[in-house]
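Heads up, model.txt below (compact mmCIF, C-alpha atoms and all ligand atoms):
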```txt
# COMPACT_ATOMS: atom_id res chain seq x y z
CA MET A 1 48.50 -18.64 -22.85
CA THR A 2 45.87 -18.39 -20.13
CA ILE A 3 42.12 -18.71 -19.57
CA THR A 4 42.17 -16.59 -16.41
CA GLY A 5 38.73 -15.58 -15.20
CA ARG A 6 36.89 -17.11 -18.16
CA ASP A 7 33.70 -19.17 -17.99
CA LEU A 8 33.40 -22.72 -19.27
CA ILE A 9 29.79 -23.09 -20.41
CA THR A 10 30.66 -24.96 -23.62
CA ILE A 11 33.98 -25.90 -25.19
CA ASP A 12 33.13 -23.41 -27.98
CA TYR A 13 34.38 -20.77 -25.53
CA TYR A 14 37.95 -21.96 -26.11
CA LYS A 15 40.12 -22.01 -29.22
CA PRO A 16 41.87 -25.26 -30.25
CA GLU A 17 45.21 -23.88 -29.00
CA GLU A 18 43.66 -23.05 -25.62
CA LEU A 19 42.29 -26.60 -25.38
CA GLU A 20 45.78 -27.86 -26.28
CA TRP A 21 47.24 -25.72 -23.46
CA LEU A 22 44.73 -27.25 -21.02
CA PHE A 23 45.63 -30.76 -22.19
CA ASN A 24 49.33 -30.03 -21.62
CA LEU A 25 48.54 -28.73 -18.14
CA ALA A 26 46.44 -31.83 -17.42
CA TRP A 27 49.26 -34.04 -18.69
CA LEU A 28 51.72 -32.44 -16.23
CA LEU A 29 49.28 -32.72 -13.32
CA LYS A 30 48.68 -36.38 -14.11
CA ASN A 31 52.17 -37.56 -14.94
CA GLU A 32 54.59 -35.53 -12.82
CA PRO A 33 54.44 -37.07 -9.32
CA ASP A 34 55.45 -33.90 -7.50
CA LEU A 35 52.67 -31.97 -9.25
CA ARG A 36 50.09 -34.67 -8.67
CA LYS A 37 50.29 -34.25 -4.91
CA ARG A 38 48.80 -31.32 -3.04
CA GLN A 39 50.67 -28.22 -4.25
CA ASP A 40 48.72 -25.34 -2.75
CA MET A 41 48.60 -23.83 -6.22
CA LEU A 42 45.05 -22.68 -5.42
CA ASP A 43 45.61 -22.07 -1.72
CA GLY A 44 42.73 -20.02 -0.33
CA PHE A 45 40.47 -20.47 -3.39
CA THR A 46 36.94 -21.86 -3.10
CA LEU A 47 34.78 -23.51 -5.74
CA ALA A 48 31.04 -23.55 -5.01
CA MET A 49 29.26 -26.47 -6.71
CA VAL A 50 25.51 -26.22 -7.22
CA PHE A 51 23.83 -29.52 -8.04
CA PHE A 52 20.21 -29.55 -9.17
CA ASN A 53 20.74 -33.25 -10.06
CA PRO A 54 22.78 -36.23 -8.83
CA SER A 55 26.39 -36.98 -9.76
CA LEU A 56 29.19 -39.38 -8.85
CA ARG A 57 32.16 -38.48 -11.06
CA THR A 58 31.68 -34.74 -11.51
CA ARG A 59 31.15 -34.10 -7.82
CA THR A 60 34.00 -36.25 -6.52
CA SER A 61 36.57 -35.41 -9.19
CA LEU A 62 36.09 -31.67 -8.69
CA ASP A 63 36.10 -31.97 -4.92
CA ILE A 64 39.27 -34.06 -4.89
CA GLY A 65 40.84 -32.00 -7.68
CA MET A 66 40.32 -28.75 -5.82
CA TYR A 67 41.74 -30.36 -2.65
CA GLU A 68 44.83 -31.58 -4.55
CA LEU A 69 45.42 -28.03 -5.79
CA GLY A 70 45.19 -26.68 -2.25
CA GLY A 71 41.72 -25.18 -2.62
CA HIS A 72 38.34 -25.91 -1.11
CA THR A 73 34.86 -26.82 -2.37
CA ILE A 74 31.40 -26.31 -1.01
CA THR A 75 28.63 -28.47 -2.48
CA LEU A 76 25.00 -27.35 -2.52
CA ASN A 77 22.31 -29.86 -3.41
CA ILE A 78 19.32 -27.78 -4.46
CA GLY A 79 16.17 -28.83 -2.63
CA ALA A 80 18.16 -30.89 -0.10
CA GLY A 81 19.28 -28.61 2.71
CA VAL A 82 19.39 -25.64 0.33
CA TRP A 83 16.44 -23.49 -0.79
CA ASP A 84 14.84 -24.58 -4.03
CA LEU A 85 15.56 -21.91 -6.66
CA GLU A 86 13.14 -20.08 -8.96
CA VAL A 87 14.65 -19.54 -12.41
CA GLU A 88 11.83 -17.66 -14.16
CA GLU A 89 12.37 -13.91 -14.13
CA GLY A 90 9.76 -11.32 -13.21
CA ILE A 91 7.12 -13.65 -11.83
CA PRO A 92 5.41 -13.37 -8.42
CA MET A 93 7.08 -16.10 -6.34
CA LEU A 94 3.95 -17.58 -4.78
CA GLY A 95 4.89 -21.26 -5.25
CA ASP A 96 7.21 -23.63 -3.34
CA LYS A 97 10.45 -21.94 -4.44
CA VAL A 98 11.57 -19.45 -1.82
CA GLU A 99 14.75 -18.02 -3.34
CA HIS A 100 15.37 -16.57 -6.78
CA ILE A 101 18.39 -17.84 -8.72
CA LYS A 102 19.43 -14.20 -9.27
CA ASP A 103 19.93 -13.71 -5.53
CA ALA A 104 21.61 -17.09 -5.04
CA ALA A 105 24.03 -16.36 -7.91
CA LYS A 106 24.95 -12.92 -6.59
CA VAL A 107 25.47 -14.21 -3.03
CA LEU A 108 27.52 -17.27 -4.03
CA GLY A 109 29.62 -15.01 -6.26
CA ARG A 110 30.47 -12.92 -3.18
CA TYR A 111 31.65 -16.00 -1.24
CA SER A 112 33.50 -18.09 -3.83
CA ASP A 113 36.08 -17.75 -6.60
CA ALA A 114 34.26 -19.92 -9.14
CA ILE A 115 30.86 -21.58 -9.35
CA GLY A 116 30.00 -24.93 -10.96
CA ILE A 117 26.42 -25.67 -12.03
CA ARG A 118 24.75 -29.00 -12.81
CA SER A 119 21.22 -28.57 -14.09
CA PHE A 120 19.66 -31.26 -16.28
CA PRO A 121 16.83 -30.54 -18.70
CA LYS A 122 13.26 -30.99 -17.49
CA MET A 123 12.57 -33.02 -20.68
CA ASN A 124 9.17 -31.37 -21.27
CA SER A 125 9.93 -28.78 -23.97
CA TRP A 126 13.16 -28.69 -26.00
CA ALA A 127 12.65 -24.98 -26.75
CA GLU A 128 12.44 -24.31 -23.01
CA ASP A 129 15.30 -26.66 -22.00
CA LYS A 130 17.52 -25.21 -24.72
CA LYS A 131 17.55 -21.87 -22.91
CA ASP A 132 19.68 -23.50 -20.19
CA LEU A 133 18.26 -20.92 -17.78
CA ALA A 134 19.93 -22.08 -14.57
CA ILE A 135 23.53 -21.77 -15.79
CA ILE A 136 22.81 -18.71 -17.92
CA SER A 137 21.34 -16.99 -14.83
CA PHE A 138 24.47 -17.79 -12.80
CA GLN A 139 26.58 -16.46 -15.67
CA LYS A 140 24.48 -13.30 -15.82
CA TYR A 141 24.40 -12.56 -12.10
CA SER A 142 27.72 -13.82 -10.69
CA ASP A 143 30.99 -11.97 -11.06
CA VAL A 144 33.11 -15.13 -10.82
CA PRO A 145 33.88 -17.74 -13.52
CA ILE A 146 31.12 -20.29 -14.12
CA ILE A 147 31.87 -23.93 -14.91
CA ASN A 148 29.25 -26.11 -16.58
CA LEU A 149 28.95 -29.42 -14.71
CA GLU A 150 26.33 -30.65 -17.26
CA THR A 151 23.22 -28.84 -18.35
CA ALA A 152 20.59 -29.43 -21.04
CA LEU A 153 22.95 -28.40 -23.82
CA TYR A 154 26.53 -29.13 -22.77
CA HIS A 155 28.90 -31.21 -20.67
CA PRO A 156 32.24 -29.54 -21.48
CA CYS A 157 34.13 -31.10 -18.55
CA GLN A 158 33.24 -34.54 -19.90
CA ALA A 159 34.26 -33.56 -23.43
CA LEU A 160 37.63 -32.30 -22.21
CA ALA A 161 38.32 -35.63 -20.49
CA ASP A 162 37.10 -37.53 -23.56
CA ALA A 163 39.41 -35.66 -25.94
CA TYR A 164 42.33 -35.90 -23.52
CA THR A 165 41.78 -39.67 -23.25
CA ILE A 166 41.75 -40.12 -27.03
CA ARG A 167 44.93 -38.05 -27.27
CA GLU A 168 46.52 -40.11 -24.50
CA LYS A 169 45.68 -43.42 -26.22
CA PHE A 170 46.44 -42.47 -29.81
CA GLY A 171 48.94 -39.65 -29.73
CA ALA A 172 47.94 -37.42 -32.64
CA ILE A 173 44.23 -36.73 -32.61
CA LYS A 174 43.70 -35.18 -36.04
CA ASN A 175 41.56 -37.25 -38.45
CA ARG A 176 41.10 -40.07 -35.91
CA LYS A 177 38.01 -42.01 -36.95
CA VAL A 178 35.51 -41.67 -34.10
CA LEU A 179 32.00 -43.07 -33.97
CA LEU A 180 29.38 -41.56 -31.67
CA THR A 181 26.62 -44.13 -31.59
CA TRP A 182 23.14 -43.85 -30.11
CA THR A 183 22.11 -46.94 -28.15
CA THR A 184 18.95 -48.35 -26.71
CA HIS A 185 17.98 -47.26 -23.18
CA PRO A 186 14.85 -47.47 -21.00
CA LYS A 187 14.73 -43.68 -20.63
CA ALA A 188 14.89 -40.63 -22.88
CA LEU A 189 18.20 -39.07 -21.83
CA PRO A 190 19.61 -35.53 -22.25
CA MET A 191 21.78 -34.61 -25.26
CA ALA A 192 24.53 -32.74 -23.40
CA VAL A 193 27.19 -35.45 -23.75
CA PRO A 194 26.63 -36.18 -27.47
CA ASN A 195 26.45 -32.44 -28.17
CA SER A 196 29.72 -31.72 -26.40
CA PHE A 197 31.52 -34.77 -27.79
CA SER A 198 30.48 -33.76 -31.33
CA LEU A 199 31.56 -30.16 -30.81
CA MET A 200 34.89 -31.18 -29.28
CA SER A 201 35.81 -33.93 -31.75
CA SER A 202 34.99 -31.73 -34.76
CA LYS A 203 36.87 -28.78 -33.29
CA LEU A 204 39.99 -30.91 -32.84
CA GLY A 205 39.76 -32.29 -36.37
CA MET A 206 38.61 -35.86 -35.73
CA ASP A 207 36.60 -37.57 -38.48
CA LEU A 208 33.25 -37.94 -36.73
CA THR A 209 30.48 -40.39 -37.60
CA ILE A 210 27.19 -40.07 -35.73
CA CYS A 211 25.00 -43.15 -35.90
CA ARG A 212 21.41 -42.73 -34.75
CA PRO A 213 17.96 -43.95 -35.82
CA ASP A 214 16.07 -41.53 -38.08
CA GLY A 215 14.27 -39.08 -35.79
CA TRP A 216 17.06 -38.97 -33.19
CA ASP A 217 19.13 -36.17 -34.73
CA LEU A 218 20.97 -33.79 -32.45
CA ASP A 219 19.87 -30.16 -32.40
CA ASP A 220 20.17 -28.43 -35.80
CA GLU A 221 22.07 -25.42 -34.44
CA ILE A 222 24.57 -27.63 -32.64
CA MET A 223 25.07 -29.70 -35.79
CA ALA A 224 25.63 -26.54 -37.85
CA ARG A 225 28.42 -25.62 -35.40
CA VAL A 226 29.83 -29.16 -35.58
CA ARG A 227 29.97 -28.90 -39.40
CA ARG A 228 31.59 -25.46 -39.24
CA ASN A 229 34.19 -26.83 -36.79
CA ALA A 230 34.98 -29.76 -39.09
CA LYS A 231 35.31 -27.49 -42.11
CA ALA A 232 37.73 -25.23 -40.24
CA ALA A 233 39.73 -28.22 -38.99
CA GLY A 234 39.77 -30.10 -42.32
CA SER A 235 37.88 -33.13 -41.02
CA THR A 236 34.62 -34.90 -41.86
CA VAL A 237 31.17 -35.37 -40.32
CA THR A 238 29.07 -38.35 -41.43
CA ILE A 239 25.53 -39.12 -40.28
CA THR A 240 24.14 -42.64 -40.64
CA ASN A 241 21.32 -44.88 -39.42
CA ASP A 242 23.27 -48.07 -40.21
CA PHE A 243 24.09 -49.42 -36.74
CA GLU A 244 26.11 -52.36 -38.08
CA GLY A 245 27.97 -50.60 -40.92
CA ALA A 246 28.87 -47.56 -38.80
CA PHE A 247 31.47 -49.53 -36.82
CA GLU A 248 33.58 -50.43 -39.89
CA GLY A 249 37.15 -49.16 -39.47
CA GLN A 250 36.42 -46.90 -36.48
CA GLU A 251 39.27 -46.19 -34.06
CA VAL A 252 37.01 -44.97 -31.25
CA VAL A 253 33.45 -46.01 -30.43
CA TYR A 254 31.61 -43.63 -28.08
CA ALA A 255 28.29 -45.12 -26.99
CA LYS A 256 25.55 -42.89 -25.60
CA SER A 257 21.78 -42.84 -25.66
CA TRP A 258 19.77 -39.64 -26.00
CA GLY A 259 16.17 -38.54 -26.36
CA SER A 260 14.44 -37.58 -29.61
CA LYS A 261 13.48 -33.95 -30.25
CA ASN A 262 10.51 -35.31 -32.24
CA TYR A 263 9.03 -36.94 -29.14
CA TYR A 264 10.37 -34.48 -26.56
CA GLY A 265 8.14 -34.43 -23.48
CA ARG A 266 6.18 -37.46 -24.75
CA THR A 267 8.19 -40.26 -23.18
CA PRO A 268 5.66 -43.11 -23.58
CA GLU A 269 5.40 -42.33 -27.32
CA GLU A 270 9.16 -42.11 -27.63
CA LEU A 271 9.64 -45.46 -25.93
CA MET A 272 7.17 -47.01 -28.39
CA ALA A 273 9.03 -45.42 -31.30
CA ARG A 274 12.29 -46.89 -29.99
CA GLN A 275 11.02 -50.46 -30.21
CA PRO A 276 12.59 -51.19 -33.64
CA TYR A 277 15.98 -50.18 -32.17
CA HIS A 278 15.83 -52.25 -28.99
CA ASN A 279 18.86 -54.26 -30.18
CA TRP A 280 21.14 -51.20 -30.57
CA THR A 281 23.47 -52.46 -27.85
CA VAL A 282 27.23 -52.35 -28.47
CA GLY A 283 28.53 -55.91 -28.32
CA LYS A 284 31.68 -57.71 -29.35
CA GLU A 285 30.23 -58.29 -32.85
CA GLN A 286 30.06 -54.54 -33.43
CA MET A 287 33.49 -53.89 -31.87
CA ALA A 288 34.98 -56.65 -34.11
CA ARG A 289 34.20 -54.47 -37.15
CA THR A 290 36.31 -51.60 -35.87
CA ALA A 291 40.02 -51.00 -36.51
CA ASN A 292 40.89 -52.47 -33.10
CA GLY A 293 38.76 -49.58 -31.79
CA LYS A 294 38.65 -48.29 -28.22
CA PHE A 295 35.31 -48.24 -26.45
CA MET A 296 34.24 -45.11 -24.55
CA HIS A 297 31.26 -44.12 -22.39
CA CYS A 298 30.92 -41.18 -20.00
CA LEU A 299 29.33 -43.32 -17.23
CA PRO A 300 27.04 -44.05 -15.49
CA VAL A 301 26.22 -46.86 -17.93
CA ARG A 302 23.39 -49.39 -17.95
CA ARG A 303 25.27 -52.63 -18.46
CA ASN A 304 23.93 -55.08 -21.06
CA VAL A 305 21.62 -52.35 -22.37
CA VAL A 306 23.94 -49.67 -23.74
CA ALA A 307 26.86 -52.09 -24.09
CA THR A 308 27.51 -55.66 -23.02
CA ASP A 309 29.64 -56.62 -20.03
CA GLU A 310 32.00 -58.24 -22.54
CA VAL A 311 32.66 -54.87 -24.19
CA LEU A 312 32.68 -52.76 -21.03
CA ASP A 313 35.16 -55.11 -19.32
CA SER A 314 37.28 -55.78 -22.41
CA GLU A 315 40.85 -54.67 -23.16
CA SER A 316 39.37 -52.21 -25.68
CA SER A 317 37.34 -50.42 -23.04
CA ILE A 318 38.89 -47.17 -21.78
CA ILE A 319 35.92 -46.08 -19.67
CA TYR A 320 37.89 -45.90 -16.41
CA ASP A 321 40.72 -43.90 -17.99
CA GLN A 322 38.06 -41.54 -19.26
CA ALA A 323 36.59 -41.23 -15.76
CA GLU A 324 40.05 -40.74 -14.21
CA ASN A 325 40.90 -38.05 -16.72
CA ARG A 326 37.92 -36.01 -15.49
CA LEU A 327 40.11 -35.33 -12.43
CA HIS A 328 43.22 -34.22 -14.33
CA THR A 329 41.50 -32.14 -17.00
CA GLN A 330 39.24 -30.35 -14.51
CA LYS A 331 42.28 -29.57 -12.35
CA ALA A 332 43.80 -27.99 -15.45
CA VAL A 333 40.63 -25.92 -15.97
CA LEU A 334 40.60 -24.76 -12.34
CA LEU A 335 44.28 -23.89 -12.45
CA GLY A 336 43.83 -22.14 -15.79
CA MET A 337 40.89 -20.08 -14.54
CA LEU A 338 42.11 -19.27 -11.05
CA GLY A 339 45.89 -19.82 -10.95
CA SER A 340 48.34 -16.92 -10.97
CA PRO A 341 50.29 -15.92 -14.11
CA GLU A 342 53.48 -16.95 -12.23
CA ILE A 343 52.14 -20.49 -11.75
CA HIS A 344 51.06 -20.65 -15.40
CA ALA A 345 54.53 -19.53 -16.53
CA LYS A 346 56.27 -22.06 -14.26
CA LEU A 347 54.08 -24.89 -15.54
CA ALA A 348 54.66 -23.88 -19.16
CA GLU A 349 58.42 -23.90 -18.51
CA ARG A 350 58.14 -27.31 -16.83
CA PHE A 351 56.12 -28.70 -19.72
CA HIS A 352 58.68 -27.50 -22.20
CA LYS A 353 61.49 -29.01 -20.14
CA VAL A 354 59.76 -32.38 -19.82
CA THR A 355 58.89 -32.60 -23.49
CA HIS A 356 62.04 -31.05 -24.99
CA GLY A 357 64.72 -30.94 -22.29
CA PRO A 358 67.80 -33.21 -22.07
CA GLU A 359 66.19 -35.27 -19.30
CA GLY A 360 62.87 -35.27 -21.16
CA LEU A 361 63.57 -38.72 -22.64
CA GLY A 362 61.37 -37.81 -25.57
CA VAL A 363 58.27 -37.76 -23.40
CA SER A 364 55.45 -36.00 -25.17
CA ALA A 365 51.94 -35.31 -24.09
CA LYS A 366 50.79 -35.55 -27.71
N1 LIG B 401 29.92 -38.56 -16.51
C1 LIG B 401 29.40 -37.86 -15.49
O1 LIG B 401 29.22 -36.64 -15.56
O2 LIG B 401 29.18 -38.60 -14.37
P1 LIG B 401 28.32 -38.11 -13.12
O3 LIG B 401 26.91 -37.88 -13.65
O4 LIG B 401 28.38 -39.24 -12.15
O5 LIG B 401 28.90 -36.86 -12.59
```

Show me the file's structure as structure tokens.
Ligand code: CP
Amino acid sequence: MTITGRDLITIDYYKPEELEWLFNLAWLLKNEPDLRKRQDMLDGFTLAMVFFNPSLRTRTSLDIGMYELGGHTITLNIGAGVWDLEVEEGIPMLGDKVEHIKDAAKVLGRYSDAIGIRSFPKMNSWAEDKKDLAIISFQKYSDVPIINLETALYHPCQALADAYTIREKFGAIKNRKVLLTWTTHPKALPMAVPNSFSLMSSKLGMDLTICRPDGWDLDDEIMARVRRNAKAAGSTVTITNDFEGAFEGQEVVYAKSWGSKNYYGRTPEELMARQPYHNWTVGKEQMARTANGKFMHCLPVRRNVVATDEVLDSESSIIYDQAENRLHTQKAVLLGMLGSPEIHAKLAERFHKVTHGPEGLGVSAK
């Protein structure tokens, strides 16, 4: 098994067994002390990270992860010490943007072994944002693997860490009851995290409930893929607007706010429309209805808006494990994309030995 040289734009790019292989790799990198430390497995490799928007976790976990594998990162903050990039094709560049993304992508592809892109939606037009032009341009014009660090549509690195964390906490992941719930928020936020969580959980056969007010549905095409995933995996997808009832019997609660397609680009109107849902904050009353459920959020989180301090700081909260697992799962992706077949074979052998060997003590990543 390998994902050598492949892009990671969305988790749809990978089959369930390839995701499983990445989780096993991540498990080794996290749990085997000699593999956790700097191994020079990616000695001489460079990851270029292009940030159009801010980040804490994505930036630091990839930087540290690449270092721990023996590689190097270069971080470019667009508009801050780096030329602002034009993404529209075929237009006369008479405005403020002095470099075309096509040229930047080709040049960075000559210098580095992989390129990561963070580019949030502009939140003016869903049809426009949905094109995900920045990352698609890098994919089109660079010859090296492209990693999505969160764009308008997807946040696959987050989804990998989320699924790994659920697997780590529960063991078997199939038919786990997971609730993705919309929450109140002072801003209309992108849909990348809920999209990717829905795609990932359905692909891995979790029973997914999405709770959102009417009018806050995720994109129809994404939902069609989520339903297809669930059908193939033998799991269920339930949509509800019952914020209290949705928590009943859930094993995982994933809280996240997102903007409405119905009010896209009309933030003041959307904020007015949200008024009836201002109390959609996850508190201990909601968590008490779950089956001793774990609480998840991708972070950053607005405390006492999205969820109460009581929930975020409770025993049920696994938000910091989730954040930590960004490091291990992304290291697995980097190693999978860039590592040599010899390293992949050695790690597969090691995984087998740890999980099945005489000294394996029954340890299992599952
Ligand atoms: N969850 C996440 O992607 O965090 P950052 O925005 O801080 O990178």

message: Please find the residues contacting ligand LIG 401 (chain B) at a distance of at most 9 Å between atoms, with all atoms listed in the file counted, and report them as a list of chain:residue names.
response: A:Asn53, A:Pro54, A:Ser55, A:Leu56, A:Arg57, A:Thr58, A:Arg59, A:Thr60, A:Ser61, A:Arg118, A:Leu149, A:Glu150, A:His155, A:Cys157, A:Gln158, A:Val193, A:His297, A:Cys298, A:Leu299, A:Pro300, A:Ala323, A:Arg326

statement: Nearest to A:Thr183, restricted to all atoms listed in the file and choosing among A:Val305, A:Ile318, A:Met337, A:Ala104, comes out as A:Val305

- prompt: In terms of the shortest atom-to-atom distance over all atoms listed in the file, which of A:Asp321, A:Glu248, A:Glu88, A:Glu99 is closest to A:Met296?
  reply: A:Asp321

Pairwise distance for atom CA of A:Leu22 and atom CA of A:Asp113, rounded to one decimal in Å: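 Interatomic distance here is 19.3 Å.
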
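Proximity to A:Gln322 was assessed for A:Phe120, A:Phe295, A:Trp280, A:Phe247 counting only C-alpha atoms; the smallest distance is recorded for A:Phe295.
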
- prompt: With only C-alpha atoms as the atoms that count, which of A:Gln139, A:Ser119, A:Asn124, A:Asn24 lies nearest to A:Arg167?
  reply: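 Residue with the minimum atom-to-atom distance to A:Arg167: A:Asn24.
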
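Here atom CA of A:Glu168 and atom CA of A:Asp7 stand 25.4 Å from one another.
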
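With distances taken over all atoms listed in the file, A:His185 is the one residue among A:His185, A:Lys131, A:Lys346, A:Arg228 lying closest to A:Asn304.
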
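The spacing separating atom CA of A:Ile239 from atom CA of A:Met200 amounts to 16.5 Å.
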
Show me a table, sorted first by chain and then by increasing residue number, of the residues of stretch 181-220 of chain A having an atom at most 6 Å from stretch 250-270 of chain A, each with its shortest atom pair and the distance in Å to one decimal, counting all atoms listed in the file and written as a Markdown table.
```
| residue | atom | partner | partner_atom | distance |
| --- | --- | --- | --- | --- |
| A:Thr181 | CA | A:Ala255 | CA | 5.0 |
| A:Trp182 | CA | A:Ser257 | CA | 4.8 |
| A:Thr183 | CA | A:Ser257 | CA | 4.8 |
| A:Ala188 | CA | A:Gly259 | CA | 4.3 |
| A:Leu189 | CA | A:Trp258 | CA | 4.5 |
| A:Pro190 | CA | A:Trp258 | CA | 5.6 |
| A:Met191 | CA | A:Trp258 | CA | 5.5 |
| A:Trp216 | CA | A:Ser260 | CA | 4.6 |
```

message: Ranking A:Asn77, A:Ser142, A:Ser125, A:Thr4 by minimum distance to A:Lys106 and counting all atoms listed in the file, which one comes first?
response: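 The shortest atom-to-atom distance to A:Lys106 comes from A:Ser142.
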
- request: Determine, counting all atoms listed in the file, which protein, DNA and RNA residues have an atom within 12 Å of an atom of stretch 347-358 of chain A; residues of the same chain fewer than 4 positions away are not included. Present the result as a list in words.
  value: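 Surrounding residues, per the criterion: Met1, Thr2, Trp21, Leu22, Phe23, Asn24, Leu25, Ala26, Trp27, Leu28, Leu29, Asn31, Glu32, Asp34, Leu35, Met41, Ala332, Leu335, Gly336, Gly339, Ser340, Pro341, Glu342, Ile343, Gly362, Val363, Ser364, Ala365 and Lys366 of chain A.
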